[in-house]
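Structure first, commentary second.
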Amino acid sequence: MGIQNFPAALQPIIQQGFLEREFEAALTSRLGYRMCADREEFSVGIGETLTKTRAGLKPSVTTPLAPATNTNLDNGLTPQTFGVEQYTITINHYAATTDLNMVTSRVGIASQFLLNAAINGEQAARSLDEIARNSLFNSYFGGNTRVRITLTTAGPAVAVDDIRGFQTVFVNGVQTPVGGSSSMTVTVGSNSYTLIGAAADAVNASTAPNGVSGVLTFSTSVLVADATALNAVTASTASSIMRPNNRATTTGIIAGDILDMSTLLNAVAQLRLNAVPEIDGAYNCYLDPVSARQLFSDQAFRQLFTGATSANQVFKQGMVNDFLGLRFIPTNEAYVQSHPSLSGALIRRPIVCGKGALIEGDYAGLAEADVAPSDSIISVVDGIAMVTREPIDRLQQIIAQSWYWIGGFCTPSDTTTTPSTIPTATNANFKRAVMIEHLG
């Protein structure tokens, strides 16, 4: 498919690289959640799913070797092993296209051609950003939900708003369905119970973004006082969710529970307790404009910069600034939902991410010769392929402008990081991000 087959009016545009620059500019301007992803190349010829193994650490040794036991061939030592855990990346094919009719678009044809490229680029960037966001939040919602329907009498089955994080447990580093031999400790209301099963509802009634409502089954009966609607249900390995004034659930958020610096600093402290590395010197905090506006109104936040020199760069330049270990990145892709019980109120969800919170796998064969022949018009920008196809219809009038990406995102776990290796670590399966919920 050589360039000579394109209309003469378009050949100079393609030859000078204008089209590629339009595509790249749109991509660069819209990146958000994808920025926190570690990029890995997904090799050719290994299938569609890649499982990687992460090695843990061995516990610290603080007791000296006793002279009386320092004998025989083993010197009184017992061999130790380190734990491992696995995470899986699955690649998929995403694509979209736009047609350009040379006859009906004859007026201003060059600008229409470039406009299509720019819009394709914006669509591709936004699509990948939302795929990254969904993968990130799906894991960090995990293990945090609430009772949906009050039990009439004590029983083992409890209906909850979201079963994500309750369906599997890590056994020797491998995610295994919850069952009798792979149970999970869960706090329902005020007491702890042993979870042995989780089943999704036939009709999803979850109020959480991408949530999955269902029934949790425990090994013993749950008290009615615990299994009362709106009570918190929290797994022992639940991801961290911070809420102003320490509200236990999303429905517990009330008027006045807005984003403040104290909640953000608690999120930073949680990441540091788990020894999560920073991203180029700070943690990325993704938040929408309303969350940012609330933060600017917080008295503690404002007082921090009172009297500062250089006219307060945070206020001059907006929110993309590093201070107190945070780098604020505004986004319009943050999850916003109606409050489950307060009419007219909204729940907003900033998220603070450390390095490795998200893994992006890009297919290495995206533009190989057998996929993109040498005479084809294909440009790869930031891992995304832009394809321009010559007119092949009967009248040779319709040009196709398309993009595609082959890859996937996953959130790696850190189950091998425990208090025995890092004393301040938590029991959360996923430790590299902290979600915040507040009223907005």
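Letters for chains follow the order of the structure tokens (A, B, ...), residue numbers begin at 1 for each chain, and ligand numbers begin at 1 in the order shown.
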
Near-range 294-303 of chain A list (7 Å; only C-alpha atoms; drop same-chain fewer than 6 positions) as a PyMOL selection string: chain A and resi 258-261

Can I get the selection written as a PDB file, in the first residue's frame, with all heavy atoms?
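What follows is the written file part.pdb:
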```pdb
ATOM      1  N   ILE A 258     -15.236  16.230  53.188  1.00  0.00           N
ATOM      2  CA  ILE A 258     -14.601  16.626  51.944  1.00  0.00           C
ATOM      3  C   ILE A 258     -13.106  16.364  52.017  1.00  0.00           C
ATOM      4  O   ILE A 258     -12.548  16.097  53.086  1.00  0.00           O
ATOM      5  CB  ILE A 258     -14.876  18.104  51.624  1.00  0.00           C
ATOM      6  CG1 ILE A 258     -14.281  19.013  52.713  1.00  0.00           C
ATOM      7  CG2 ILE A 258     -16.378  18.347  51.473  1.00  0.00           C
ATOM      8  CD1 ILE A 258     -14.428  20.492  52.419  1.00  0.00           C
ATOM      9  N   LEU A 259     -12.445  16.445  50.867  1.00  0.00           N
ATOM     10  CA  LEU A 259     -11.016  16.140  50.796  1.00  0.00           C
ATOM     11  C   LEU A 259     -10.215  17.190  51.559  1.00  0.00           C
ATOM     12  O   LEU A 259     -10.421  18.396  51.383  1.00  0.00           O
ATOM     13  CB  LEU A 259     -10.568  16.096  49.336  1.00  0.00           C
ATOM     14  CG  LEU A 259      -9.094  15.724  49.107  1.00  0.00           C
ATOM     15  CD1 LEU A 259      -8.821  14.305  49.570  1.00  0.00           C
ATOM     16  CD2 LEU A 259      -8.743  15.866  47.627  1.00  0.00           C
ATOM     17  N   ASP A 260      -9.304  16.728  52.409  1.00  0.00           N
ATOM     18  CA  ASP A 260      -8.430  17.642  53.141  1.00  0.00           C
ATOM     19  C   ASP A 260      -7.012  17.093  53.156  1.00  0.00           C
ATOM     20  O   ASP A 260      -6.766  15.945  52.780  1.00  0.00           O
ATOM     21  CB  ASP A 260      -8.943  17.889  54.566  1.00  0.00           C
ATOM     22  CG  ASP A 260      -9.131  16.595  55.359  1.00  0.00           C
ATOM     23  OD1 ASP A 260      -8.543  15.553  54.978  1.00  0.00           O
ATOM     24  OD2 ASP A 260      -9.865  16.599  56.356  1.00  0.00           O
ATOM     25  N   MET A 261      -6.079  17.921  53.590  1.00  0.00           N
ATOM     26  CA  MET A 261      -4.678  17.535  53.561  1.00  0.00           C
ATOM     27  C   MET A 261      -4.402  16.400  54.539  1.00  0.00           C
ATOM     28  O   MET A 261      -3.548  15.549  54.288  1.00  0.00           O
ATOM     29  CB  MET A 261      -3.795  18.741  53.893  1.00  0.00           C
ATOM     30  CG  MET A 261      -2.318  18.507  53.576  1.00  0.00           C
ATOM     31  SD  MET A 261      -1.337  20.001  53.730  1.00  0.00           S
ATOM     32  CE  MET A 261      -1.290  20.193  55.505  1.00  0.00           C
TER      33      MET A 261
END
```

I'd like the interatomic distance between CA of Pro289 in chain A and CA of Arg247 in chain A, to a tenth of an Å. 22.8 Å

Would you kindly return, as a ChimeraX atom specification, each protein, DNA or RNA residue with an atom no farther than 12 Å from any atom of Thr153 in chain A, considering only C-alpha atoms and excluding same-chain residues fewer than 5 positions away? /A:158,221-228

Given the choices A:Thr411, A:Gln123, A:Ser60, A:Ser181, which gets closest to Ala37 in chain A if the distance is worked out from only C-alpha atoms?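 Checking each of A:Thr411, A:Gln123, A:Ser60, A:Ser181 against Ala37 in chain A, counting only C-alpha atoms, the winner is A:Thr411.
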
Given the choices A:Ser343, A:Thr331, A:Ser43, A:Asn274, which gets closest to Ser291 in chain A if the distance is worked out from only C-alpha atoms?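 Smallest separation from Ser291 in chain A among the options: A:Thr331.
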
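Distances from A:Pro177, A:Gly143, A:Gly361, A:Gly252 to Val233 in chain A were compared using only C-alpha atoms, and the smallest one belongs to A:Gly143.
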
Check range 121-234 of chain A with DSSP on the backbone and list each residue it calls strand (DSSP E), as a short mmCIF file (atom, residue, chain, number, x, y, z; two decimals) with N, CA and C atoms, in the first residue's frame.
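Dumped to out22.cif:
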```cif
data_model
loop_
_atom_site.label_atom_id
_atom_site.label_comp_id
_atom_site.auth_asym_id
_atom_site.auth_seq_id
_atom_site.Cartn_x
_atom_site.Cartn_y
_atom_site.Cartn_z
N ASN A 144 -13.35 -4.45 50.43
CA ASN A 144 -14.07 -3.39 51.14
C ASN A 144 -15.49 -3.29 50.60
N THR A 145 -16.46 -3.63 51.40
CA THR A 145 -17.84 -3.52 50.95
C THR A 145 -18.74 -3.33 52.17
N ARG A 146 -20.03 -3.54 51.99
CA ARG A 146 -20.99 -3.37 53.08
C ARG A 146 -22.14 -4.35 52.90
N GLY A 155 -27.44 -16.36 60.16
CA GLY A 155 -27.20 -17.36 59.14
C GLY A 155 -25.84 -17.16 58.50
N PRO A 156 -25.39 -18.13 57.72
CA PRO A 156 -24.03 -18.06 57.16
C PRO A 156 -23.92 -17.23 55.87
N ALA A 157 -25.04 -16.92 55.20
CA ALA A 157 -25.00 -16.24 53.91
C ALA A 157 -25.39 -14.77 54.07
N VAL A 158 -24.51 -13.87 53.60
CA VAL A 158 -24.74 -12.43 53.74
C VAL A 158 -24.65 -11.78 52.37
N ALA A 159 -25.68 -11.03 52.00
CA ALA A 159 -25.68 -10.30 50.73
C ALA A 159 -24.88 -9.02 50.89
N VAL A 160 -23.94 -8.79 49.98
CA VAL A 160 -23.08 -7.61 50.06
C VAL A 160 -23.11 -6.84 48.74
N THR A 168 -11.00 -14.67 45.89
CA THR A 168 -9.78 -15.47 45.87
C THR A 168 -8.88 -15.11 47.04
N VAL A 169 -8.03 -16.04 47.39
CA VAL A 169 -6.97 -15.82 48.37
C VAL A 169 -5.66 -16.29 47.75
N PHE A 170 -4.55 -15.77 48.26
CA PHE A 170 -3.25 -16.18 47.76
C PHE A 170 -2.77 -17.41 48.54
N VAL A 171 -2.52 -18.49 47.82
CA VAL A 171 -1.97 -19.71 48.40
C VAL A 171 -0.63 -19.99 47.72
N VAL A 174 -0.17 -17.90 44.66
CA VAL A 174 -1.08 -18.08 43.53
C VAL A 174 -2.50 -17.77 43.98
N GLN A 175 -3.22 -16.97 43.21
CA GLN A 175 -4.61 -16.67 43.55
C GLN A 175 -5.47 -17.92 43.40
N THR A 176 -6.13 -18.29 44.48
CA THR A 176 -6.92 -19.51 44.54
C THR A 176 -8.34 -19.17 44.99
N PRO A 177 -9.37 -19.74 44.34
CA PRO A 177 -10.75 -19.43 44.76
C PRO A 177 -10.97 -19.72 46.24
N MET A 184 -10.78 -17.29 54.24
CA MET A 184 -10.34 -15.91 54.45
C MET A 184 -11.02 -15.37 55.70
N THR A 185 -10.30 -14.61 56.50
CA THR A 185 -10.88 -13.97 57.67
C THR A 185 -11.50 -12.64 57.25
N VAL A 186 -12.78 -12.45 57.59
CA VAL A 186 -13.52 -11.25 57.19
C VAL A 186 -14.24 -10.69 58.41
N THR A 187 -14.17 -9.38 58.57
CA THR A 187 -14.89 -8.70 59.65
C THR A 187 -16.22 -8.20 59.11
N VAL A 188 -17.30 -8.68 59.71
CA VAL A 188 -18.65 -8.24 59.35
C VAL A 188 -19.20 -7.50 60.56
N ASN A 191 -17.60 -8.20 64.36
CA ASN A 191 -16.98 -9.48 64.65
C ASN A 191 -16.34 -10.09 63.41
N SER A 192 -15.39 -11.01 63.66
CA SER A 192 -14.67 -11.68 62.57
C SER A 192 -15.27 -13.06 62.31
N TYR A 193 -15.31 -13.42 61.02
CA TYR A 193 -15.85 -14.70 60.59
C TYR A 193 -14.93 -15.29 59.53
N THR A 194 -15.08 -16.59 59.29
CA THR A 194 -14.28 -17.29 58.29
C THR A 194 -15.07 -17.45 57.01
N LEU A 195 -14.58 -16.83 55.94
CA LEU A 195 -15.26 -16.87 54.65
C LEU A 195 -14.86 -18.13 53.90
N ILE A 196 -15.86 -18.86 53.38
CA ILE A 196 -15.58 -20.09 52.63
C ILE A 196 -16.18 -20.08 51.22
N GLY A 197 -16.85 -18.99 50.86
CA GLY A 197 -17.43 -18.94 49.51
C GLY A 197 -17.92 -17.56 49.15
N ALA A 198 -17.87 -17.24 47.85
CA ALA A 198 -18.38 -15.97 47.34
C ALA A 198 -19.01 -16.21 45.98
N ALA A 199 -20.25 -15.78 45.82
CA ALA A 199 -20.97 -16.00 44.56
C ALA A 199 -21.62 -14.71 44.10
N ALA A 200 -21.49 -14.41 42.80
CA ALA A 200 -22.07 -13.19 42.24
C ALA A 200 -23.57 -13.36 42.04
N GLY A 214 -23.17 -9.68 45.37
CA GLY A 214 -23.22 -11.13 45.54
C GLY A 214 -23.45 -11.52 46.97
N VAL A 215 -23.23 -12.80 47.24
CA VAL A 215 -23.45 -13.38 48.57
C VAL A 215 -22.15 -13.99 49.07
N LEU A 216 -21.79 -13.64 50.29
CA LEU A 216 -20.63 -14.24 50.95
C LEU A 216 -21.13 -15.32 51.91
N THR A 217 -20.50 -16.47 51.86
CA THR A 217 -20.88 -17.59 52.72
C THR A 217 -19.78 -17.85 53.73
N PHE A 218 -20.16 -17.94 55.01
CA PHE A 218 -19.20 -18.11 56.10
C PHE A 218 -19.35 -19.49 56.72
N SER A 219 -18.32 -19.90 57.44
CA SER A 219 -18.33 -21.24 58.05
C SER A 219 -19.27 -21.33 59.23
N THR A 220 -19.62 -20.20 59.82
CA THR A 220 -20.55 -20.15 60.95
C THR A 220 -21.61 -19.08 60.68
N SER A 221 -22.65 -19.11 61.48
CA SER A 221 -23.72 -18.12 61.31
C SER A 221 -23.24 -16.73 61.71
N VAL A 222 -23.70 -15.75 60.96
CA VAL A 222 -23.37 -14.35 61.23
C VAL A 222 -24.51 -13.74 62.03
N ALA A 232 -20.18 -2.35 57.66
CA ALA A 232 -18.97 -2.61 56.89
C ALA A 232 -18.63 -4.10 56.87
N VAL A 233 -18.13 -4.54 55.72
CA VAL A 233 -17.61 -5.91 55.55
C VAL A 233 -16.20 -5.76 54.99
N THR A 234 -15.20 -6.19 55.77
CA THR A 234 -13.82 -5.92 55.41
C THR A 234 -12.98 -7.18 55.51
#
```
